[in-house]
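Peer 1: Pasting entry00.txt here (compact mmCIF, C-alpha atoms and all ligand atoms):
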# COMPACT_ATOMS: atom_id res chain seq x y z
CA MET A 1 12.17 -13.43 -13.15
CA ASN A 2 11.38 -9.79 -13.97
CA PRO A 3 10.56 -7.65 -10.97
CA SER A 4 6.94 -6.67 -10.52
CA ILE A 5 8.05 -3.15 -9.63
CA SER A 6 11.41 -1.52 -10.26
CA ILE A 7 12.29 1.73 -8.52
CA GLN A 8 15.31 3.17 -10.29
CA ASN A 9 17.23 6.00 -8.61
CA VAL A 10 14.18 8.06 -7.86
CA SER A 11 14.41 11.55 -6.37
CA LYS A 12 11.60 13.97 -5.65
CA SER A 13 11.39 17.50 -4.27
CA PHE A 14 8.47 19.75 -3.47
CA GLY A 15 9.67 23.32 -3.91
CA LYS A 16 13.09 23.51 -2.30
CA LYS A 17 12.44 20.58 0.00
CA THR A 18 13.93 17.25 -1.03
CA ILE A 19 11.46 14.53 -0.10
CA LEU A 20 13.13 11.42 -1.58
CA LYS A 21 16.79 10.94 -2.46
CA ASP A 22 18.04 8.37 -4.94
CA ILE A 23 15.72 5.54 -3.91
CA HIS A 24 16.37 2.28 -5.72
CA PHE A 25 15.18 -1.26 -5.20
CA ASP A 26 13.14 -3.93 -6.96
CA ILE A 27 10.02 -5.67 -5.76
CA GLN A 28 9.60 -9.24 -6.95
CA GLU A 29 6.24 -10.68 -7.90
CA GLY A 30 4.34 -12.55 -5.20
CA ASN A 31 5.90 -10.83 -2.19
CA ILE A 32 4.62 -8.59 0.55
CA TYR A 33 6.84 -5.57 0.71
CA GLY A 34 6.73 -3.16 3.66
CA PHE A 35 7.72 0.50 3.53
CA ILE A 36 8.63 1.43 7.08
CA GLY A 37 9.45 4.85 8.43
CA PRO A 38 8.29 7.64 10.70
CA SER A 39 5.69 10.20 9.76
CA GLY A 40 6.97 12.50 7.02
CA ALA A 41 9.71 10.10 5.86
CA GLY A 42 8.36 10.07 2.30
CA LYS A 43 6.52 6.72 2.19
CA THR A 44 3.29 8.13 0.76
CA THR A 45 5.18 10.17 -1.84
CA LEU A 46 6.97 6.99 -2.98
CA VAL A 47 3.69 5.07 -3.08
CA LYS A 48 2.05 7.83 -5.13
CA MET A 49 4.90 7.69 -7.64
CA ILE A 50 4.50 3.91 -7.97
CA VAL A 51 0.78 4.37 -8.63
CA GLY A 52 1.53 7.20 -11.07
CA MET A 53 -0.09 10.03 -9.11
CA GLU A 54 3.24 11.83 -8.71
CA VAL A 55 6.11 11.89 -11.18
CA PRO A 56 9.77 11.53 -10.09
CA ASP A 57 12.08 14.53 -10.73
CA GLN A 58 14.88 12.06 -11.45
CA GLY A 59 14.91 8.34 -12.05
CA ALA A 60 12.04 6.11 -13.16
CA ILE A 61 9.55 3.57 -11.85
CA TYR A 62 8.43 0.52 -13.84
CA LEU A 63 5.36 -1.48 -12.87
CA LEU A 64 4.78 -4.82 -14.65
CA GLY A 65 7.27 -3.64 -17.28
CA GLU A 66 5.54 -0.31 -17.97
CA LYS A 67 7.04 3.04 -17.10
CA MET A 68 4.78 4.93 -14.70
CA PRO A 69 2.58 6.94 -15.00
CA ASN A 70 0.64 4.66 -17.35
CA LEU A 71 -3.15 4.72 -17.59
CA PRO A 72 -3.93 1.17 -18.87
CA ILE A 73 -1.82 -0.43 -16.14
CA LEU A 74 -4.16 1.01 -13.48
CA GLN A 75 -6.42 -1.98 -14.18
CA GLU A 76 -3.71 -4.07 -12.49
CA ILE A 77 -3.23 -1.84 -9.42
CA GLY A 78 -5.43 -1.76 -6.35
CA TYR A 79 -4.59 1.38 -4.40
CA MET A 80 -5.79 2.24 -0.92
CA ALA A 81 -4.84 5.82 -0.10
CA GLN A 82 -4.22 7.10 3.40
CA SER A 83 -7.35 9.22 3.42
CA ASP A 84 -10.57 7.59 2.38
CA ALA A 85 -11.95 8.75 -0.97
CA LEU A 86 -15.54 7.58 -0.62
CA TYR A 87 -18.97 8.89 -1.61
CA ASN A 88 -20.52 9.66 1.76
CA GLN A 89 -24.06 10.05 0.48
CA LEU A 90 -24.02 6.61 -1.13
CA THR A 91 -24.25 3.28 0.66
CA GLY A 92 -21.27 0.96 1.01
CA LYS A 93 -22.71 -1.25 -1.70
CA GLU A 94 -23.26 1.69 -4.06
CA ASN A 95 -19.65 2.76 -3.51
CA LEU A 96 -18.41 -0.75 -4.33
CA THR A 97 -20.67 -0.92 -7.39
CA PHE A 98 -19.44 2.46 -8.62
CA PHE A 99 -15.75 1.58 -8.28
CA ALA A 100 -16.32 -1.88 -9.80
CA SER A 101 -17.91 -0.19 -12.84
CA LEU A 102 -14.61 1.59 -13.58
CA TYR A 103 -12.96 -1.72 -14.45
CA LYS A 104 -13.37 -4.35 -17.12
CA LEU A 105 -15.60 -6.82 -15.27
CA ASN A 106 -18.70 -8.56 -16.60
CA LYS A 107 -21.87 -8.39 -14.51
CA GLY A 108 -21.41 -11.80 -12.87
CA GLU A 109 -17.80 -11.06 -11.95
CA ARG A 110 -18.76 -7.64 -10.66
CA LEU A 111 -21.39 -9.07 -8.30
CA ARG A 112 -19.02 -11.83 -7.12
CA ARG A 113 -16.19 -9.35 -6.49
CA ILE A 114 -18.49 -7.02 -4.51
CA GLU A 115 -19.68 -9.91 -2.36
CA TYR A 116 -16.12 -11.22 -1.83
CA ALA A 117 -14.61 -7.80 -1.01
CA ALA A 118 -17.40 -6.89 1.43
CA GLU A 119 -17.12 -10.28 3.16
CA LEU A 120 -13.35 -9.94 3.44
CA VAL A 121 -13.55 -6.70 5.40
CA ASN A 122 -16.56 -7.82 7.41
CA LEU A 123 -18.96 -5.20 6.01
CA THR A 124 -21.58 -7.48 4.46
CA SER A 125 -24.26 -6.63 7.04
CA ASP A 126 -23.58 -2.86 6.76
CA LEU A 127 -23.56 -2.60 2.97
CA ASN A 128 -26.95 -0.91 2.73
CA LYS A 129 -26.05 1.87 5.18
CA LYS A 130 -24.89 5.24 3.92
CA VAL A 131 -21.15 5.76 4.29
CA SER A 132 -21.88 8.99 6.23
CA ALA A 133 -23.10 6.69 9.03
CA TYR A 134 -19.91 4.55 9.00
CA SER A 135 -17.24 4.77 11.71
CA GLY A 136 -13.65 5.64 10.76
CA GLY A 137 -12.65 1.96 10.90
CA MET A 138 -15.59 0.97 8.68
CA LYS A 139 -14.52 3.57 6.11
CA ARG A 140 -10.96 2.15 6.12
CA ARG A 141 -12.41 -1.31 5.61
CA LEU A 142 -14.56 -0.11 2.71
CA SER A 143 -11.50 1.56 1.15
CA LEU A 144 -9.64 -1.75 1.37
CA ALA A 145 -12.56 -3.57 -0.26
CA ILE A 146 -12.49 -1.00 -3.09
CA ALA A 147 -8.73 -1.54 -3.58
CA LEU A 148 -9.45 -5.24 -4.13
CA ILE A 149 -12.52 -4.84 -6.28
CA GLN A 150 -11.08 -5.55 -9.75
CA ASN A 151 -8.84 -8.41 -8.55
CA PRO A 152 -5.62 -6.49 -9.34
CA LYS A 153 -2.19 -8.14 -9.65
CA VAL A 154 -0.57 -5.49 -7.46
CA LEU A 155 -2.02 -4.14 -4.23
CA ILE A 156 -0.66 -0.90 -2.80
CA LEU A 157 -1.98 -0.15 0.65
CA ASP A 158 -1.02 3.05 2.47
CA GLU A 159 -1.42 2.34 6.20
CA PRO A 160 -4.30 -0.07 5.66
CA THR A 161 -4.85 -1.02 9.29
CA VAL A 162 -4.87 2.40 10.96
CA GLY A 163 -8.04 2.72 13.05
CA ILE A 164 -8.86 -0.97 12.71
CA ASP A 165 -9.27 -3.11 15.84
CA PRO A 166 -6.76 -5.91 16.56
CA GLU A 167 -9.08 -8.76 15.64
CA LEU A 168 -9.96 -7.38 12.21
CA ARG A 169 -6.34 -6.28 11.71
CA GLU A 170 -5.32 -9.90 12.14
CA SER A 171 -7.99 -11.14 9.74
CA ILE A 172 -6.91 -8.55 7.14
CA TRP A 173 -3.28 -9.67 7.49
CA ASN A 174 -4.32 -13.31 7.13
CA GLU A 175 -6.13 -12.39 3.93
CA LEU A 176 -3.11 -10.44 2.59
CA LEU A 177 -0.97 -13.53 3.26
CA ARG A 178 -3.54 -15.70 1.49
CA LEU A 179 -3.67 -13.33 -1.50
CA LYS A 180 0.10 -13.59 -1.74
CA ASN A 181 0.38 -17.35 -1.20
CA GLU A 182 -2.59 -18.57 -3.23
CA ASP A 183 -3.06 -15.86 -5.84
CA GLY A 184 0.58 -14.73 -6.18
CA LYS A 185 -0.29 -11.07 -5.63
CA THR A 186 2.42 -8.50 -5.13
CA ILE A 187 1.54 -6.34 -2.14
CA ILE A 188 3.07 -3.10 -0.84
CA VAL A 189 2.08 -1.94 2.63
CA THR A 190 3.25 1.20 4.39
CA THR A 191 3.22 1.03 8.15
CA HIS A 192 4.65 2.46 11.36
CA VAL A 193 3.77 -0.74 13.20
CA MET A 194 6.79 -2.98 13.61
CA ASP A 195 4.83 -6.18 14.27
CA GLU A 196 3.20 -5.68 10.85
CA ALA A 197 6.65 -5.13 9.33
CA GLU A 198 7.62 -8.56 10.70
CA LYS A 199 4.91 -10.16 8.54
CA CYS A 200 6.42 -8.73 5.32
CA ASP A 201 8.76 -10.77 3.12
CA TYR A 202 10.95 -7.74 2.51
CA ILE A 203 11.09 -4.32 4.05
CA SER A 204 12.56 -1.00 3.07
CA MET A 205 13.23 1.44 5.87
CA ILE A 206 12.98 5.07 4.86
CA ARG A 207 14.15 7.98 6.98
CA GLU A 208 14.11 11.62 5.91
CA GLY A 209 13.76 10.61 2.27
CA SER A 210 16.65 8.14 2.22
CA LEU A 211 16.57 4.37 2.05
CA ILE A 212 18.47 3.37 5.18
CA ALA A 213 18.05 -0.40 5.08
CA THR A 214 16.40 -3.04 2.92
CA GLY A 215 16.09 -6.82 3.17
CA THR A 216 14.04 -9.53 4.82
CA PRO A 217 13.18 -8.96 8.50
CA GLU A 218 15.55 -11.81 9.44
CA GLN A 219 18.42 -10.47 7.30
CA LEU A 220 18.06 -7.01 8.79
CA LYS A 221 17.98 -8.24 12.38
CA LYS A 222 21.11 -10.31 11.73
CA GLN A 223 22.89 -7.49 9.90
CA TYR A 224 22.29 -5.02 12.74
CA ALA A 225 22.58 -7.61 15.55
CA ALA A 226 19.16 -6.54 16.78
CA ASP A 227 16.32 -8.48 18.43
CA ASN A 228 13.58 -6.54 16.72
CA LEU A 229 12.93 -4.22 13.79
CA ASN A 230 12.59 -1.15 16.01
CA ASP A 231 16.22 -1.61 17.03
CA VAL A 232 17.21 -2.22 13.39
CA PHE A 233 15.58 1.06 12.44
CA LEU A 234 17.41 2.96 15.20
CA ALA A 235 20.74 1.30 14.40
CA ALA A 236 20.39 1.84 10.62
CA GLY A 237 19.44 5.47 11.18
CA ARG A 238 22.59 6.10 13.25
CA MET A 239 24.84 4.90 10.43
N1 LIG B 301 2.17 17.87 -2.57
C1 LIG B 301 3.07 18.20 -1.64
N2 LIG B 301 3.58 19.46 -1.59
C2 LIG B 301 4.52 19.81 -0.68
N3 LIG B 301 5.01 18.97 0.26
C3 LIG B 301 4.54 17.72 0.27
C4 LIG B 301 3.54 17.26 -0.67
N4 LIG B 301 3.29 15.96 -0.41
C5 LIG B 301 4.07 15.60 0.64
N5 LIG B 301 4.81 16.65 1.05
C6 LIG B 301 5.82 16.63 2.13
O1 LIG B 301 6.68 15.53 1.89
C7 LIG B 301 7.12 14.95 3.12
C8 LIG B 301 6.88 13.46 3.07
O2 LIG B 301 5.48 13.22 3.12
P1 LIG B 301 4.85 11.76 2.98
O3 LIG B 301 3.37 11.92 3.08
O4 LIG B 301 5.41 11.13 1.78
O5 LIG B 301 5.43 11.05 4.27
P2 LIG B 301 5.00 9.68 4.97
O6 LIG B 301 6.26 8.96 5.26
O7 LIG B 301 4.00 8.99 4.13
O8 LIG B 301 4.35 10.17 6.32
P3 LIG B 301 3.03 9.63 7.08
O9 LIG B 301 3.42 8.30 7.67
O10 LIG B 301 2.76 10.67 8.12
O11 LIG B 301 1.96 9.54 6.06
C9 LIG B 301 6.39 15.70 4.23
O12 LIG B 301 7.28 16.65 4.74
C10 LIG B 301 5.23 16.35 3.50
O13 LIG B 301 4.88 17.53 4.14
Represent the structure from my file as structure tokens, please.
Ligand SMILES: Nc1ncnc2c1ncn2[C@@H]1O[C@H](COP(=O)(O)OP(=O)(O)OP(=O)(O)O)[C@@H](O)[C@H]1O
Peer 2:
Amino acid sequence: MNPSISIQNVSKSFGKKTILKDIHFDIQEGNIYGFIGPSGAGKTTLVKMIVGMEVPDQGAIYLLGEKMPNLPILQEIGYMAQSDALYNQLTGKENLTFFASLYKLNKGERLRRIEYAAELVNLTSDLNKKVSAYSGGMKRRLSLAIALIQNPKVLILDEPTVGIDPELRESIWNELLRLKNEDGKTIIVTTHVMDEAEKCDYISMIREGSLIATGTPEQLKKQYAADNLNDVFLAAGRM
């Protein structure tokens, strides 16, 4: 099976500062893949290169067989950035309608997708409020709904559950697992939260721009003789 995403010896610097060094791994279709690492490790920069918003200095990234950046392939990517890019003066529903209009959906599909995405993030009863009146968590939830709006094959979520309460966090994770299991979606999630990392099929640990460990949570715990992923991260970082 071809990988859904192939990251091939990617390096990136901003000015004189090296942000990512020779990162390489493949992401297979239908898996949840976690990028784990402390603040400033380079997770967002890697995610932006996968989406095509940044270009590697060296190496290449292929998504569904296409070298990134690639405009047509954006139809297949749902991206939730770390900061919310929403129209504050529009309602939640108007935001969803606007983003849905950017994709190839007929009217019926568009209405169904808006209803589904709003329901998923528990915003149905707030859809007619202006986004300026939303809380931070509601804005994150709306951003997640927008990432799902065109039913993309690949979902790339940069810290999707920050600012979201535990109950909704759990329901979002259940939905991500359902999207993977039933719809075969490939999902990338960046997180600092180790109990979320445990839910991923594979994880890549990134520290100071280097890939320090990659594998399934179970493989990594075994490899580093650790009880939890926090200890794996510390042990891998010492090596
Ligand atoms: N456009 C840019 N110009 C210069 N430096 C940048 C730029 N974007 C990111 N950086 C730097 O690259 C490093 C990695 O940032 P990045 O946002 O990728 O980390 P991260 O692992 O996602 O962190 P966090 O979890 O806090 O979001 C940081 O030192 C950041 O300041």
Peer 1: At a cut-off of 6 Å and counting all atoms listed in the file, what residues surround ligand LIG 301 (chain B)? Please answer as a PyMOL selection string.
Peer 2: chain A and resi 14+19+38-45
Peer 1: To one decimal place in Å, what is the distance between CA of Ile156 (chain A) and CA of Thr18 (chain A)?
Peer 2: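 Value for the CA of Ile156 (chain A)-CA of Thr18 (chain A) distance: 23.4 Å.
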Peer 1: Within 12 Å of (-19.5, -5.2, -8.5) in the file's own coordinates, which protein, DNA or RNA residues have an atom, counting only C-alpha atoms? List them as number ranges by chain.
Peer 2: A: 92-118, 145-146, 148-151
Peer 1: I'd like the interatomic distance between CA of Glu196 (chain A) and CA of Leu63 (chain A), to a tenth of an Å.
Peer 2: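 Computing it gives 24.2 Å between the two atoms.
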Peer 1: Dump as a PyMOL selection string all residues having an atom at most 9 Å from (-3.2, -10.3, -3.8), computed in the file's coordinates with only C-alpha atoms.
Peer 2: chain A and resi 30+148+151-155+175-187
Peer 1: Could you check how far CA of Glu218 (chain A) sits from CA of Asp201 (chain A), in Å to one decimal?
Peer 2: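 Answer for the CA of Glu218 (chain A) to CA of Asp201 (chain A) separation: 9.3 Å.
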Peer 1: Taking all atoms listed in the file into account, name the residue in A:Ile36, A:Ala85, A:Val121, A:Ala197 that is nearest to Asn228 (chain A).
Peer 2: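 Checking each candidate against Asn228 (chain A), we get A:Ala197 as the closest.
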Peer 1: Which residues are close to Pro56 (chain A), i.e. within 7 Å by all atoms listed in the file, leaving aside same-chain residues fewer than 4 positions away? Reply as an MDAnalysis selection string.
Peer 2: chainID A and resid 10:12 49 60
Peer 1: Show me, as a list in words, the residues that have an atom within 12 Å of Val193 (chain A) when counting all atoms listed in the file, minus same-chain residues fewer than 2 positions from it.
Peer 2: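 Once the nearby chain positions are removed, what remains is Gly34, Phe35, Ile36, Gly37, Pro38, Ser39, Glu159, Pro160, Thr161, Val162, Arg169, Val189, Thr190, Thr191, Asp195, Glu196, Ala197, Glu198, Lys199, Cys200, Asn228, Leu229, Asn230 and Phe233 of chain A.
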Peer 1: Please list as an mmCIF file with C-alpha atoms, keeping the file's coordinate frame every residue within 10 Å of Val131 (chain A), counting all atoms listed in the file and excluding residues in the same chain fewer than 4 positions away.
Peer 2:
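out_22.cif, freshly written:
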data_model
loop_
_atom_site.group_PDB
_atom_site.id
_atom_site.type_symbol
_atom_site.label_atom_id
_atom_site.label_comp_id
_atom_site.auth_asym_id
_atom_site.auth_seq_id
_atom_site.Cartn_x
_atom_site.Cartn_y
_atom_site.Cartn_z
ATOM 1 C CA LEU A 86 -15.540 7.580 -0.620
ATOM 2 C CA TYR A 87 -18.970 8.890 -1.610
ATOM 3 C CA ASN A 88 -20.520 9.660 1.760
ATOM 4 C CA GLN A 89 -24.060 10.050 0.480
ATOM 5 C CA LEU A 90 -24.020 6.610 -1.130
ATOM 6 C CA THR A 91 -24.250 3.280 0.660
ATOM 7 C CA GLY A 92 -21.270 0.960 1.010
ATOM 8 C CA LYS A 93 -22.710 -1.250 -1.700
ATOM 9 C CA GLU A 94 -23.260 1.690 -4.060
ATOM 10 C CA ASN A 95 -19.650 2.760 -3.510
ATOM 11 C CA ASP A 126 -23.580 -2.860 6.760
ATOM 12 C CA LEU A 127 -23.560 -2.600 2.970
ATOM 13 C CA SER A 135 -17.240 4.770 11.710
ATOM 14 C CA GLY A 136 -13.650 5.640 10.760
ATOM 15 C CA MET A 138 -15.590 0.970 8.680
ATOM 16 C CA LYS A 139 -14.520 3.570 6.110
ATOM 17 C CA LEU A 142 -14.560 -0.110 2.710
#
Peer 1: Considering only C-alpha atoms, state which residue in the set A:Ile212, A:Ile50, A:Val55, A:Ile61 is at the smallest distance from Gln8 (chain A).
Peer 2: A:Ile61
Peer 1: Put a box with edges along x, y and z around all the listed atoms of region 107-121 of chain A, pad it by 3 Å on each side, then give me its centre and sizes in Å, one decimal, as lines of an AutoDock Vina configuration file.
Peer 2:
center_x = -17.6
center_y = -9.3
center_z = -4.6
size_x = 14.5
size_y = 11.1
size_z = 25.9
